[in-house]
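Undergrad: upload_32.txt is reproduced below (compact mmCIF, N, CA and C atoms).
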```
# COMPACT_ATOMS: atom_id res chain seq x y z
N MET H 10 -221.00 -88.52 87.01
CA MET H 10 -220.33 -87.65 86.10
C MET H 10 -219.09 -87.13 86.79
N SER H 11 -218.00 -87.10 86.09
CA SER H 11 -216.74 -86.59 86.61
C SER H 11 -216.33 -85.39 85.76
N VAL H 12 -216.28 -84.19 86.41
CA VAL H 12 -216.00 -82.96 85.67
C VAL H 12 -215.08 -82.04 86.47
N VAL H 13 -214.51 -81.06 85.77
CA VAL H 13 -213.79 -79.97 86.40
C VAL H 13 -214.67 -78.74 86.25
N CYS H 14 -214.99 -78.10 87.39
CA CYS H 14 -215.88 -76.95 87.38
C CYS H 14 -215.14 -75.69 87.81
N LYS H 15 -215.57 -74.57 87.27
CA LYS H 15 -215.08 -73.26 87.71
C LYS H 15 -216.10 -72.76 88.73
N ILE H 16 -215.63 -72.47 89.94
CA ILE H 16 -216.51 -72.07 91.03
C ILE H 16 -216.20 -70.63 91.42
N ASN H 17 -217.25 -69.84 91.64
CA ASN H 17 -217.04 -68.44 92.04
C ASN H 17 -216.80 -68.35 93.54
N ASP H 18 -216.60 -67.12 94.03
CA ASP H 18 -216.29 -66.90 95.44
C ASP H 18 -217.43 -67.30 96.37
N ASP H 19 -218.67 -67.34 95.85
CA ASP H 19 -219.82 -67.74 96.66
C ASP H 19 -219.99 -69.26 96.72
N GLY H 20 -219.14 -70.00 95.99
CA GLY H 20 -219.23 -71.45 95.98
C GLY H 20 -220.18 -72.01 94.94
N ASP H 21 -220.68 -71.14 94.06
CA ASP H 21 -221.58 -71.58 92.99
C ASP H 21 -220.77 -71.97 91.76
N ILE H 22 -221.28 -72.94 91.03
CA ILE H 22 -220.61 -73.36 89.80
C ILE H 22 -220.87 -72.33 88.72
N GLU H 23 -219.80 -71.81 88.14
CA GLU H 23 -219.92 -70.85 87.04
C GLU H 23 -219.97 -71.57 85.70
N SER H 24 -219.12 -72.58 85.57
CA SER H 24 -219.07 -73.31 84.29
C SER H 24 -218.40 -74.66 84.51
N ILE H 25 -218.67 -75.56 83.57
CA ILE H 25 -217.99 -76.85 83.54
C ILE H 25 -216.87 -76.71 82.52
N GLU H 26 -215.65 -76.87 82.99
CA GLU H 26 -214.48 -76.67 82.14
C GLU H 26 -214.11 -77.92 81.34
N GLN H 27 -214.25 -79.08 81.96
CA GLN H 27 -213.88 -80.32 81.27
C GLN H 27 -214.69 -81.48 81.85
N THR H 28 -215.13 -82.37 80.97
CA THR H 28 -215.85 -83.57 81.38
C THR H 28 -214.93 -84.76 81.18
N TYR H 29 -214.72 -85.54 82.23
CA TYR H 29 -213.85 -86.72 82.14
C TYR H 29 -214.62 -87.99 81.84
N GLY H 30 -215.81 -88.09 82.32
CA GLY H 30 -216.57 -89.30 82.07
C GLY H 30 -217.98 -89.20 82.61
N ILE H 31 -218.86 -89.91 81.94
CA ILE H 31 -220.25 -89.99 82.38
C ILE H 31 -220.59 -91.47 82.50
N GLU H 32 -220.98 -91.88 83.68
CA GLU H 32 -221.34 -93.27 83.91
C GLU H 32 -222.85 -93.40 84.01
N GLU H 33 -223.37 -94.46 83.39
CA GLU H 33 -224.78 -94.74 83.56
C GLU H 33 -225.01 -95.22 84.99
N THR H 34 -226.11 -94.80 85.56
CA THR H 34 -226.46 -95.28 86.89
C THR H 34 -227.83 -95.94 86.82
N LEU H 35 -228.02 -96.85 87.71
CA LEU H 35 -229.29 -97.56 87.79
C LEU H 35 -230.27 -96.78 88.65
N PRO H 36 -231.56 -96.95 88.41
CA PRO H 36 -232.55 -96.34 89.31
C PRO H 36 -232.36 -96.84 90.75
N GLU H 37 -232.73 -96.01 91.68
CA GLU H 37 -232.53 -96.32 93.11
C GLU H 37 -233.16 -97.65 93.51
N LYS H 38 -234.32 -97.99 92.94
CA LYS H 38 -234.97 -99.25 93.33
C LYS H 38 -234.10 -100.46 92.98
N PHE H 39 -233.31 -100.36 91.91
CA PHE H 39 -232.42 -101.46 91.55
C PHE H 39 -231.16 -101.45 92.40
N THR H 40 -230.57 -100.27 92.60
CA THR H 40 -229.34 -100.22 93.38
C THR H 40 -229.58 -100.63 94.83
N SER H 41 -230.70 -100.20 95.40
CA SER H 41 -230.97 -100.58 96.79
C SER H 41 -231.22 -102.08 96.90
N ARG H 42 -231.86 -102.67 95.90
CA ARG H 42 -232.09 -104.12 95.91
C ARG H 42 -230.76 -104.87 95.81
N LEU H 43 -229.89 -104.43 94.91
CA LEU H 43 -228.59 -105.08 94.77
C LEU H 43 -227.74 -104.91 96.02
N GLU H 44 -227.81 -103.75 96.65
CA GLU H 44 -227.09 -103.53 97.91
C GLU H 44 -227.60 -104.47 98.99
N ALA H 45 -228.90 -104.69 99.04
CA ALA H 45 -229.47 -105.62 100.03
C ALA H 45 -228.98 -107.04 99.75
N LEU H 46 -228.96 -107.43 98.49
CA LEU H 46 -228.49 -108.78 98.14
C LEU H 46 -227.00 -108.96 98.45
N ALA H 47 -226.24 -107.88 98.36
CA ALA H 47 -224.81 -107.96 98.66
C ALA H 47 -224.56 -108.26 100.14
N GLN H 48 -225.55 -108.02 100.99
CA GLN H 48 -225.41 -108.27 102.43
C GLN H 48 -225.70 -109.72 102.81
N LEU H 49 -226.20 -110.52 101.87
CA LEU H 49 -226.54 -111.91 102.19
C LEU H 49 -225.27 -112.70 102.48
N SER H 50 -225.32 -113.48 103.54
CA SER H 50 -224.18 -114.32 103.89
C SER H 50 -224.63 -115.79 103.86
N THR H 51 -223.68 -116.67 104.00
CA THR H 51 -223.99 -118.11 103.98
C THR H 51 -225.09 -118.41 104.99
N GLY H 52 -226.11 -119.13 104.55
CA GLY H 52 -227.21 -119.50 105.41
C GLY H 52 -228.37 -118.53 105.39
N TRP H 53 -228.36 -117.55 104.48
CA TRP H 53 -229.42 -116.54 104.45
C TRP H 53 -230.80 -117.15 104.22
N TYR H 54 -230.87 -118.34 103.65
CA TYR H 54 -232.15 -118.98 103.37
C TYR H 54 -232.59 -119.92 104.50
N GLY H 55 -231.79 -120.00 105.54
CA GLY H 55 -232.12 -120.86 106.68
C GLY H 55 -231.27 -122.12 106.67
N THR H 56 -231.73 -123.13 107.39
CA THR H 56 -231.01 -124.40 107.44
C THR H 56 -231.95 -125.54 107.10
N GLN H 57 -231.36 -126.59 106.58
CA GLN H 57 -232.09 -127.82 106.31
C GLN H 57 -231.24 -128.96 106.83
N ASP H 58 -231.80 -129.72 107.78
CA ASP H 58 -231.07 -130.80 108.44
C ASP H 58 -229.74 -130.31 109.00
N GLY H 59 -229.76 -129.10 109.55
CA GLY H 59 -228.57 -128.54 110.18
C GLY H 59 -227.57 -127.94 109.20
N VAL H 60 -227.86 -127.99 107.93
CA VAL H 60 -226.94 -127.46 106.91
C VAL H 60 -227.45 -126.09 106.44
N PRO H 61 -226.59 -125.07 106.52
CA PRO H 61 -227.01 -123.74 106.07
C PRO H 61 -227.38 -123.76 104.58
N GLN H 62 -228.48 -123.09 104.26
CA GLN H 62 -228.95 -122.98 102.87
C GLN H 62 -228.85 -121.52 102.43
N GLY H 63 -228.37 -121.30 101.24
CA GLY H 63 -228.24 -119.95 100.71
C GLY H 63 -226.82 -119.47 100.71
N GLU H 64 -226.23 -119.37 99.52
CA GLU H 64 -224.84 -118.92 99.37
C GLU H 64 -224.80 -117.41 99.12
N PRO H 65 -223.72 -116.75 99.55
CA PRO H 65 -223.57 -115.33 99.22
C PRO H 65 -223.33 -115.18 97.71
N ILE H 66 -223.58 -114.00 97.19
CA ILE H 66 -223.45 -113.73 95.76
C ILE H 66 -222.09 -113.11 95.48
N LYS H 67 -221.41 -113.65 94.46
CA LYS H 67 -220.07 -113.18 94.09
C LYS H 67 -220.12 -111.80 93.43
N ASP H 68 -219.03 -111.05 93.58
CA ASP H 68 -218.93 -109.73 92.97
C ASP H 68 -219.08 -109.79 91.46
N SER H 69 -218.56 -110.83 90.82
CA SER H 69 -218.65 -110.93 89.37
C SER H 69 -220.10 -111.01 88.90
N ILE H 70 -220.95 -111.62 89.69
CA ILE H 70 -222.37 -111.71 89.33
C ILE H 70 -223.01 -110.33 89.43
N PHE H 71 -222.69 -109.60 90.50
CA PHE H 71 -223.23 -108.24 90.63
C PHE H 71 -222.81 -107.37 89.44
N LYS H 72 -221.56 -107.49 89.03
CA LYS H 72 -221.06 -106.71 87.90
C LYS H 72 -221.85 -107.05 86.63
N ASN H 73 -222.06 -108.34 86.38
CA ASN H 73 -222.82 -108.76 85.19
C ASN H 73 -224.27 -108.28 85.26
N VAL H 74 -224.88 -108.36 86.43
CA VAL H 74 -226.27 -107.92 86.59
C VAL H 74 -226.38 -106.41 86.36
N GLN H 75 -225.47 -105.64 86.93
CA GLN H 75 -225.51 -104.19 86.76
C GLN H 75 -225.35 -103.81 85.29
N SER H 76 -224.42 -104.44 84.59
CA SER H 76 -224.23 -104.16 83.16
C SER H 76 -225.48 -104.51 82.38
N PHE H 77 -226.06 -105.65 82.70
CA PHE H 77 -227.26 -106.09 82.02
C PHE H 77 -228.42 -105.11 82.24
N LEU H 78 -228.62 -104.70 83.49
CA LEU H 78 -229.72 -103.78 83.80
C LEU H 78 -229.54 -102.43 83.11
N CYS H 79 -228.31 -101.93 83.09
CA CYS H 79 -228.06 -100.65 82.41
C CYS H 79 -228.43 -100.77 80.93
N GLU H 80 -228.05 -101.86 80.31
CA GLU H 80 -228.38 -102.05 78.90
C GLU H 80 -229.88 -102.25 78.70
N ALA H 81 -230.51 -103.01 79.59
CA ALA H 81 -231.96 -103.25 79.48
C ALA H 81 -232.73 -101.93 79.56
N LEU H 82 -232.27 -101.01 80.38
CA LEU H 82 -232.96 -99.73 80.52
C LEU H 82 -232.92 -98.90 79.24
N SER H 83 -231.95 -99.19 78.38
CA SER H 83 -231.87 -98.44 77.12
C SER H 83 -233.02 -98.81 76.18
N TYR H 84 -233.76 -99.87 76.51
CA TYR H 84 -234.89 -100.30 75.68
C TYR H 84 -236.23 -99.74 76.16
N THR H 85 -236.23 -98.91 77.19
CA THR H 85 -237.50 -98.45 77.77
C THR H 85 -238.35 -97.63 76.82
N SER H 86 -237.74 -96.94 75.87
CA SER H 86 -238.56 -96.15 74.94
C SER H 86 -239.35 -97.04 74.00
N SER H 87 -238.79 -98.18 73.61
CA SER H 87 -239.51 -99.09 72.70
C SER H 87 -240.31 -100.14 73.45
N ILE H 88 -239.88 -100.51 74.66
CA ILE H 88 -240.59 -101.51 75.48
C ILE H 88 -240.66 -100.98 76.91
N PRO H 89 -241.64 -100.15 77.23
CA PRO H 89 -241.72 -99.54 78.56
C PRO H 89 -241.76 -100.55 79.72
N GLN H 90 -242.32 -101.74 79.48
CA GLN H 90 -242.43 -102.75 80.55
C GLN H 90 -241.08 -103.34 80.94
N ILE H 91 -240.02 -103.05 80.18
CA ILE H 91 -238.71 -103.65 80.46
C ILE H 91 -238.19 -103.23 81.84
N ILE H 92 -238.66 -102.08 82.35
CA ILE H 92 -238.20 -101.60 83.65
C ILE H 92 -238.99 -102.23 84.80
N ASP H 93 -240.10 -102.87 84.49
CA ASP H 93 -240.95 -103.47 85.52
C ASP H 93 -240.50 -104.90 85.80
N LEU H 94 -239.50 -105.03 86.64
CA LEU H 94 -238.90 -106.33 86.91
C LEU H 94 -238.63 -106.52 88.39
N VAL H 95 -238.35 -107.76 88.75
CA VAL H 95 -238.05 -108.11 90.13
C VAL H 95 -236.71 -108.85 90.15
N ILE H 96 -235.89 -108.55 91.14
CA ILE H 96 -234.57 -109.17 91.27
C ILE H 96 -234.57 -110.05 92.51
N PHE H 97 -234.27 -111.34 92.30
CA PHE H 97 -234.27 -112.32 93.39
C PHE H 97 -232.89 -112.92 93.59
N PRO H 98 -232.55 -113.26 94.83
CA PRO H 98 -231.34 -114.08 95.04
C PRO H 98 -231.69 -115.53 94.75
N GLN H 99 -230.72 -116.29 94.32
CA GLN H 99 -230.90 -117.73 94.17
C GLN H 99 -230.15 -118.42 95.31
N ILE H 100 -230.67 -119.52 95.76
CA ILE H 100 -230.07 -120.24 96.88
C ILE H 100 -228.62 -120.62 96.60
N ASN H 101 -228.32 -120.90 95.33
CA ASN H 101 -226.97 -121.33 94.96
C ASN H 101 -225.97 -120.19 94.84
N GLY H 102 -226.40 -118.95 95.10
CA GLY H 102 -225.50 -117.80 95.03
C GLY H 102 -225.62 -117.01 93.75
N GLY H 103 -226.65 -117.25 92.99
CA GLY H 103 -226.89 -116.51 91.75
C GLY H 103 -227.94 -115.44 91.95
N ILE H 104 -228.26 -114.76 90.86
CA ILE H 104 -229.31 -113.75 90.86
C ILE H 104 -230.25 -114.05 89.70
N GLN H 105 -231.54 -113.93 89.97
CA GLN H 105 -232.57 -114.14 88.96
C GLN H 105 -233.34 -112.84 88.76
N ILE H 106 -233.55 -112.49 87.49
CA ILE H 106 -234.37 -111.33 87.15
C ILE H 106 -235.60 -111.84 86.43
N GLU H 107 -236.77 -111.42 86.90
CA GLU H 107 -238.04 -111.78 86.27
C GLU H 107 -238.80 -110.51 85.94
N TRP H 108 -239.46 -110.53 84.80
CA TRP H 108 -240.27 -109.39 84.40
C TRP H 108 -241.72 -109.65 84.76
N LYS H 109 -242.39 -108.62 85.27
CA LYS H 109 -243.77 -108.76 85.72
C LYS H 109 -244.75 -108.89 84.55
N GLU H 110 -244.53 -108.12 83.48
CA GLU H 110 -245.49 -108.10 82.38
C GLU H 110 -244.94 -108.71 81.09
N LEU H 111 -243.71 -109.17 81.12
CA LEU H 111 -243.10 -109.78 79.94
C LEU H 111 -242.75 -111.22 80.26
N ASP H 112 -242.64 -112.05 79.24
CA ASP H 112 -242.37 -113.48 79.44
C ASP H 112 -240.88 -113.79 79.50
N TYR H 113 -240.10 -112.96 80.20
CA TYR H 113 -238.65 -113.12 80.24
C TYR H 113 -238.16 -113.43 81.66
N GLU H 114 -237.04 -114.11 81.67
CA GLU H 114 -236.31 -114.36 82.92
C GLU H 114 -234.84 -114.50 82.54
N VAL H 115 -233.97 -113.98 83.39
CA VAL H 115 -232.53 -114.14 83.19
C VAL H 115 -231.93 -114.57 84.52
N ASP H 116 -231.17 -115.67 84.48
CA ASP H 116 -230.52 -116.22 85.67
C ASP H 116 -229.01 -116.05 85.52
N PHE H 117 -228.40 -115.35 86.46
CA PHE H 117 -226.96 -115.18 86.52
C PHE H 117 -226.43 -116.21 87.51
N GLU H 118 -225.77 -117.23 86.99
CA GLU H 118 -225.38 -118.40 87.78
C GLU H 118 -224.01 -118.22 88.44
N PRO H 119 -223.77 -118.91 89.56
CA PRO H 119 -222.49 -118.82 90.26
C PRO H 119 -221.29 -119.28 89.42
N ASP H 120 -221.53 -120.12 88.41
CA ASP H 120 -220.41 -120.54 87.54
C ASP H 120 -220.17 -119.52 86.43
N ASP H 121 -220.79 -118.35 86.55
CA ASP H 121 -220.67 -117.22 85.63
C ASP H 121 -221.34 -117.44 84.28
N THR H 122 -222.16 -118.46 84.15
CA THR H 122 -222.98 -118.57 82.95
C THR H 122 -224.26 -117.77 83.18
N ILE H 123 -224.92 -117.46 82.09
CA ILE H 123 -226.16 -116.70 82.15
C ILE H 123 -227.20 -117.46 81.34
N ASN H 124 -228.32 -117.79 81.97
CA ASN H 124 -229.41 -118.48 81.29
C ASN H 124 -230.55 -117.50 81.08
N ALA H 125 -230.94 -117.33 79.83
CA ALA H 125 -232.04 -116.43 79.50
C ALA H 125 -233.23 -117.26 79.03
N PHE H 126 -234.41 -116.80 79.38
CA PHE H 126 -235.64 -117.50 79.03
C PHE H 126 -236.61 -116.52 78.37
N ASP H 127 -237.24 -116.96 77.31
CA ASP H 127 -238.34 -116.24 76.69
C ASP H 127 -239.48 -117.24 76.62
N PHE H 128 -240.38 -117.18 77.60
CA PHE H 128 -241.44 -118.17 77.73
C PHE H 128 -242.54 -118.02 76.68
N SER H 129 -242.44 -116.99 75.83
CA SER H 129 -243.40 -116.87 74.73
C SER H 129 -243.00 -117.77 73.55
N LYS H 130 -241.76 -118.29 73.59
CA LYS H 130 -241.29 -119.18 72.53
C LYS H 130 -241.68 -120.61 72.86
N ASN H 131 -241.63 -121.49 71.86
CA ASN H 131 -241.97 -122.89 72.14
C ASN H 131 -240.93 -123.49 73.08
N GLU H 132 -241.30 -124.58 73.73
CA GLU H 132 -240.52 -125.16 74.82
C GLU H 132 -239.06 -125.42 74.47
N GLU H 133 -238.79 -125.96 73.28
CA GLU H 133 -237.41 -126.29 72.95
C GLU H 133 -236.57 -125.07 72.57
N ASP H 134 -237.20 -123.92 72.33
CA ASP H 134 -236.48 -122.71 71.95
C ASP H 134 -236.52 -121.62 73.02
N CYS H 135 -237.13 -121.87 74.16
CA CYS H 135 -237.37 -120.79 75.13
C CYS H 135 -236.18 -120.50 76.04
N GLU H 136 -235.13 -121.32 76.02
CA GLU H 136 -233.98 -121.10 76.90
C GLU H 136 -232.70 -121.06 76.09
N LYS H 137 -231.82 -120.14 76.47
CA LYS H 137 -230.51 -120.07 75.85
C LYS H 137 -229.47 -119.74 76.91
N MET H 138 -228.34 -120.45 76.86
CA MET H 138 -227.25 -120.22 77.80
C MET H 138 -226.21 -119.31 77.14
N PHE H 139 -225.72 -118.35 77.92
CA PHE H 139 -224.71 -117.41 77.46
C PHE H 139 -223.50 -117.49 78.39
N ALA H 140 -222.32 -117.27 77.84
CA ALA H 140 -221.10 -117.19 78.66
C ALA H 140 -221.08 -115.85 79.38
N ALA H 141 -220.37 -115.80 80.49
CA ALA H 141 -220.31 -114.58 81.30
C ALA H 141 -219.72 -113.41 80.52
N ASP H 142 -218.86 -113.69 79.56
CA ASP H 142 -218.21 -112.60 78.83
C ASP H 142 -219.02 -112.10 77.63
N CYS H 143 -220.24 -112.61 77.45
CA CYS H 143 -221.08 -112.11 76.36
C CYS H 143 -221.59 -110.72 76.73
N SER H 144 -221.95 -109.96 75.74
CA SER H 144 -222.44 -108.61 76.02
C SER H 144 -223.91 -108.68 76.44
N PRO H 145 -224.33 -107.77 77.31
CA PRO H 145 -225.75 -107.72 77.68
C PRO H 145 -226.64 -107.57 76.45
N ASN H 146 -226.15 -106.85 75.45
CA ASN H 146 -226.90 -106.67 74.22
C ASN H 146 -227.20 -107.99 73.52
N GLU H 147 -226.25 -108.90 73.57
CA GLU H 147 -226.45 -110.22 72.95
C GLU H 147 -227.63 -110.95 73.60
N ILE H 148 -227.70 -110.89 74.91
CA ILE H 148 -228.80 -111.53 75.64
C ILE H 148 -230.12 -110.83 75.32
N LEU H 149 -230.12 -109.51 75.40
CA LEU H 149 -231.34 -108.75 75.14
C LEU H 149 -231.83 -108.92 73.71
N ASN H 150 -230.92 -108.95 72.76
CA ASN H 150 -231.33 -109.15 71.37
C ASN H 150 -231.97 -110.52 71.17
N TRP H 151 -231.46 -111.52 71.86
CA TRP H 151 -232.08 -112.85 71.76
C TRP H 151 -233.49 -112.83 72.36
N MET H 152 -233.61 -112.17 73.52
CA MET H 152 -234.91 -112.15 74.19
C MET H 152 -235.93 -111.27 73.47
N ILE H 153 -235.58 -110.05 73.17
CA ILE H 153 -236.58 -109.11 72.71
C ILE H 153 -236.41 -108.70 71.25
N GLY H 154 -235.49 -109.29 70.57
CA GLY H 154 -235.28 -108.94 69.17
C GLY H 154 -236.54 -108.99 68.35
N GLY H 155 -237.35 -110.00 68.56
CA GLY H 155 -238.59 -110.13 67.81
C GLY H 155 -239.58 -109.03 68.12
N GLU H 156 -239.62 -108.58 69.37
CA GLU H 156 -240.56 -107.51 69.75
C GLU H 156 -240.17 -106.19 69.11
N LEU H 157 -238.87 -105.96 68.94
CA LEU H 157 -238.44 -104.72 68.33
C LEU H 157 -238.74 -104.69 66.85
N ASN H 158 -238.88 -105.87 66.24
CA ASN H 158 -239.15 -105.95 64.81
C ASN H 158 -240.63 -106.05 64.48
N ASP H 159 -241.47 -106.22 65.50
CA ASP H 159 -242.93 -106.37 65.25
C ASP H 159 -243.55 -105.06 64.82
```
What is this structure when it is put down as C-alpha cells?
TA:
Amino acid sequence: MSVVCKINDDGDIESIEQTYGIEETLPEKFTSRLEALAQLSTGWYGTQDGVPQGEPIKDSIFKNVQSFLCEALSYTSSIPQIIDLVIFPQINGGIQIEWKELDYEVDFEPDDTINAFDFSKNEEDCEKMFAADCSPNEILNWMIGGELND
C-alpha cells in the first residue's frame, strides 16, 4: 500500500491523508518459493554426460506466475483448495504449478506459452495452450469454470 500519512510528534500515525495504490501481495509461502527459484542458475539440476541440466527462469515467467497466483487466490472463498498448491521449476527454465487436492496443473513455458491441464476432463479435452498475453482469468475460467457453476 502506498499512502500519505499525517504523523504526530510521537511518530504515531494520526490519519491517512491520501492513498496512491494498493497492490495485491502473495502469501509468504509463495513469495519465498519464487525467490528461491529466482536463484537457480544454469546447471541447477546437475549434469548429464558433462552437460549442465536445468536452465534459469526468465523474469517474464515470474511475472506471469505472480499474476496468475494473485488471481487464483481470488477464488479461495468458492474453492478453498485452490491455495493448496506446489510450485516446481522445470528443467527447461519454466515453472509448473500443481494442485494437491484438485486435478489441475499449469505450466509456464520458456517460450512464454502457458499450458493448462484439467485432468478431470477426458483425455482429448484436458489440455489447453494459452499465449503469454492472455489474462490469468482466462486460464482459471477454463480450468475451474465448471466447478463454479456446479
Undergrad: Which one of H:Ser86, H:Asn101, H:Gln75, H:Asn146 sits closest to Thr51 of chain H if you count only C-alpha atoms?
TA: H:Asn101
Undergrad: What is the distance, in Å and to one decimal place, between atom N of Pro145 of chain H and atom C of Val115 of chain H?
TA: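 Calculated distance between atom N of Pro145 of chain H and atom C of Val115 of chain H is 12.5 Å.
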Undergrad: If you count all atoms listed in the file, which residues fall within 6 Å of Met138 of chain H, apart from same-chain ones fewer than 3 positions away, as a list in words?
TA: Ile123, Asn124 and Ala125 of chain H
Undergrad: How close does each residue of segment 68-116 of chain H get to segment 60-63 of chain H, giving the shortest atom pair and distance in Å to one decimal for every residue with an atom at most 9 Å away, counting only C-alpha atoms, sorted by chain and residue number, as a tab-separated table?
TA:
```
residue	atom	partner	partner_atom	distance
H:Pro98	CA	H:Gly63	CA	8.7
H:Gln99	CA	H:Gly63	CA	7.4
H:Ile100	CA	H:Gly63	CA	4.3
H:Asn101	CA	H:Gly63	CA	6.0
H:Gly102	CA	H:Gly63	CA	6.7
```
Undergrad: At what distance in Å, to one decimal, does atom CA of Cys79 of chain H lie from atom CA of Leu35 of chain H?
TA: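 For atom CA of Leu35 of chain H relative to atom CA of Cys79 of chain H, the distance reads 6.3 Å.
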Undergrad: Any idea what's packed within 12 Å of segment 105-108 of chain H, counting only C-alpha atoms, ignoring anything in its chain fewer than 6 positions away? Could you give it as JSON, numbers by chain?
TA: {"H": [39, 42, 43, 46, 66, 70, 71, 73, 74, 75, 77, 78, 81, 88, 89, 90, 91, 92, 93, 94, 95, 96, 97, 98, 99, 114, 115, 116, 117, 118, 119, 123, 124, 125, 126, 127, 128, 152]}
Undergrad: From segment 15-135 of chain H, collect each residue whose DSSP state is helix (DSSP H, G or I) and return the set as a JSON list (two decimals) with N, CA and C atoms, keeping the file's coordinate frame.
TA:
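Contents of part.json, as written:
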```
[["chain", "number", "residue", "atom", "x", "y", "z"],
["H", 37, "GLU", "N", -232.73, -96.01, 91.68],
["H", 37, "GLU", "CA", -232.53, -96.32, 93.11],
["H", 37, "GLU", "C", -233.16, -97.65, 93.51],
["H", 38, "LYS", "N", -234.32, -97.99, 92.94],
["H", 38, "LYS", "CA", -234.97, -99.25, 93.33],
["H", 38, "LYS", "C", -234.10, -100.46, 92.98],
["H", 39, "PHE", "N", -233.31, -100.36, 91.91],
["H", 39, "PHE", "CA", -232.42, -101.46, 91.55],
["H", 39, "PHE", "C", -231.16, -101.45, 92.40],
["H", 40, "THR", "N", -230.57, -100.27, 92.60],
["H", 40, "THR", "CA", -229.34, -100.22, 93.38],
["H", 40, "THR", "C", -229.58, -100.63, 94.83],
["H", 41, "SER", "N", -230.70, -100.20, 95.40],
["H", 41, "SER", "CA", -230.97, -100.58, 96.79],
["H", 41, "SER", "C", -231.22, -102.08, 96.90],
["H", 42, "ARG", "N", -231.86, -102.67, 95.90],
["H", 42, "ARG", "CA", -232.09, -104.12, 95.91],
["H", 42, "ARG", "C", -230.76, -104.87, 95.81],
["H", 43, "LEU", "N", -229.89, -104.43, 94.91],
["H", 43, "LEU", "CA", -228.59, -105.08, 94.77],
["H", 43, "LEU", "C", -227.74, -104.91, 96.02],
["H", 44, "GLU", "N", -227.81, -103.75, 96.65],
["H", 44, "GLU", "CA", -227.09, -103.53, 97.91],
["H", 44, "GLU", "C", -227.60, -104.47, 98.99],
["H", 45, "ALA", "N", -228.90, -104.69, 99.04],
["H", 45, "ALA", "CA", -229.47, -105.62, 100.03],
["H", 45, "ALA", "C", -228.98, -107.04, 99.75],
["H", 46, "LEU", "N", -228.96, -107.43, 98.49],
["H", 46, "LEU", "CA", -228.49, -108.78, 98.14],
["H", 46, "LEU", "C", -227.00, -108.96, 98.45],
["H", 47, "ALA", "N", -226.24, -107.88, 98.36],
["H", 47, "ALA", "CA", -224.81, -107.96, 98.66],
["H", 47, "ALA", "C", -224.56, -108.26, 100.14],
["H", 68, "ASP", "N", -219.03, -111.05, 93.58],
["H", 68, "ASP", "CA", -218.93, -109.73, 92.97],
["H", 68, "ASP", "C", -219.08, -109.79, 91.46],
["H", 69, "SER", "N", -218.56, -110.83, 90.82],
["H", 69, "SER", "CA", -218.65, -110.93, 89.37],
["H", 69, "SER", "C", -220.10, -111.01, 88.90],
["H", 70, "ILE", "N", -220.95, -111.62, 89.69],
["H", 70, "ILE", "CA", -222.37, -111.71, 89.33],
["H", 70, "ILE", "C", -223.01, -110.33, 89.43],
["H", 71, "PHE", "N", -222.69, -109.60, 90.50],
["H", 71, "PHE", "CA", -223.23, -108.24, 90.63],
["H", 71, "PHE", "C", -222.81, -107.37, 89.44],
["H", 72, "LYS", "N", -221.56, -107.49, 89.03],
["H", 72, "LYS", "CA", -221.06, -106.71, 87.90],
["H", 72, "LYS", "C", -221.85, -107.05, 86.63],
["H", 73, "ASN", "N", -222.06, -108.34, 86.38],
["H", 73, "ASN", "CA", -222.82, -108.76, 85.19],
["H", 73, "ASN", "C", -224.27, -108.28, 85.26],
["H", 74, "VAL", "N", -224.88, -108.36, 86.43],
["H", 74, "VAL", "CA", -226.27, -107.92, 86.59],
["H", 74, "VAL", "C", -226.38, -106.41, 86.36],
["H", 75, "GLN", "N", -225.47, -105.64, 86.93],
["H", 75, "GLN", "CA", -225.51, -104.19, 86.76],
["H", 75, "GLN", "C", -225.35, -103.81, 85.29],
["H", 76, "SER", "N", -224.42, -104.44, 84.59],
["H", 76, "SER", "CA", -224.23, -104.16, 83.16],
["H", 76, "SER", "C", -225.48, -104.51, 82.38],
["H", 77, "PHE", "N", -226.06, -105.65, 82.70],
["H", 77, "PHE", "CA", -227.26, -106.09, 82.02],
["H", 77, "PHE", "C", -228.42, -105.11, 82.24],
["H", 78, "LEU", "N", -228.62, -104.70, 83.49],
["H", 78, "LEU", "CA", -229.72, -103.78, 83.80],
["H", 78, "LEU", "C", -229.54, -102.43, 83.11],
["H", 79, "CYS", "N", -228.31, -101.93, 83.09],
["H", 79, "CYS", "CA", -228.06, -100.65, 82.41],
["H", 79, "CYS", "C", -228.43, -100.77, 80.93],
["H", 80, "GLU", "N", -228.05, -101.86, 80.31],
["H", 80, "GLU", "CA", -228.38, -102.05, 78.90],
["H", 80, "GLU", "C", -229.88, -102.25, 78.70],
["H", 81, "ALA", "N", -230.51, -103.01, 79.59],
["H", 81, "ALA", "CA", -231.96, -103.25, 79.48],
["H", 81, "ALA", "C", -232.73, -101.93, 79.56],
["H", 82, "LEU", "N", -232.27, -101.01, 80.38],
["H", 82, "LEU", "CA", -232.96, -99.73, 80.52],
["H", 82, "LEU", "C", -232.92, -98.90, 79.24],
["H", 89, "PRO", "N", -241.64, -100.15, 77.23],
["H", 89, "PRO", "CA", -241.72, -99.54, 78.56],
["H", 89, "PRO", "C", -241.76, -100.55, 79.72],
["H", 90, "GLN", "N", -242.32, -101.74, 79.48],
["H", 90, "GLN", "CA", -242.43, -102.75, 80.55],
["H", 90, "GLN", "C", -241.08, -103.34, 80.94],
["H", 91, "ILE", "N", -240.02, -103.05, 80.18],
["H", 91, "ILE", "CA", -238.71, -103.65, 80.46],
["H", 91, "ILE", "C", -238.19, -103.23, 81.84],
["H", 92, "ILE", "N", -238.66, -102.08, 82.35],
["H", 92, "ILE", "CA", -238.20, -101.60, 83.65],
["H", 92, "ILE", "C", -238.99, -102.23, 84.80],
["H", 132, "GLU", "N", -241.30, -124.58, 73.73],
["H", 132, "GLU", "CA", -240.52, -125.16, 74.82],
["H", 132, "GLU", "C", -239.06, -125.42, 74.47],
["H", 133, "GLU", "N", -238.79, -125.96, 73.28],
["H", 133, "GLU", "CA", -237.41, -126.29, 72.95],
["H", 133, "GLU", "C", -236.57, -125.07, 72.57],
["H", 134, "ASP", "N", -237.20, -123.92, 72.33],
["H", 134, "ASP", "CA", -236.48, -122.71, 71.95],
["H", 134, "ASP", "C", -236.52, -121.62, 73.02]]
```
Undergrad: For the atom pair atom CA of Glu147 of chain H and atom CA of Asp120 of chain H, what is the interatomic distance in Å to one decimal place?
TA: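 Taking atom CA of Glu147 of chain H and atom CA of Asp120 of chain H, their separation equals 18.9 Å.
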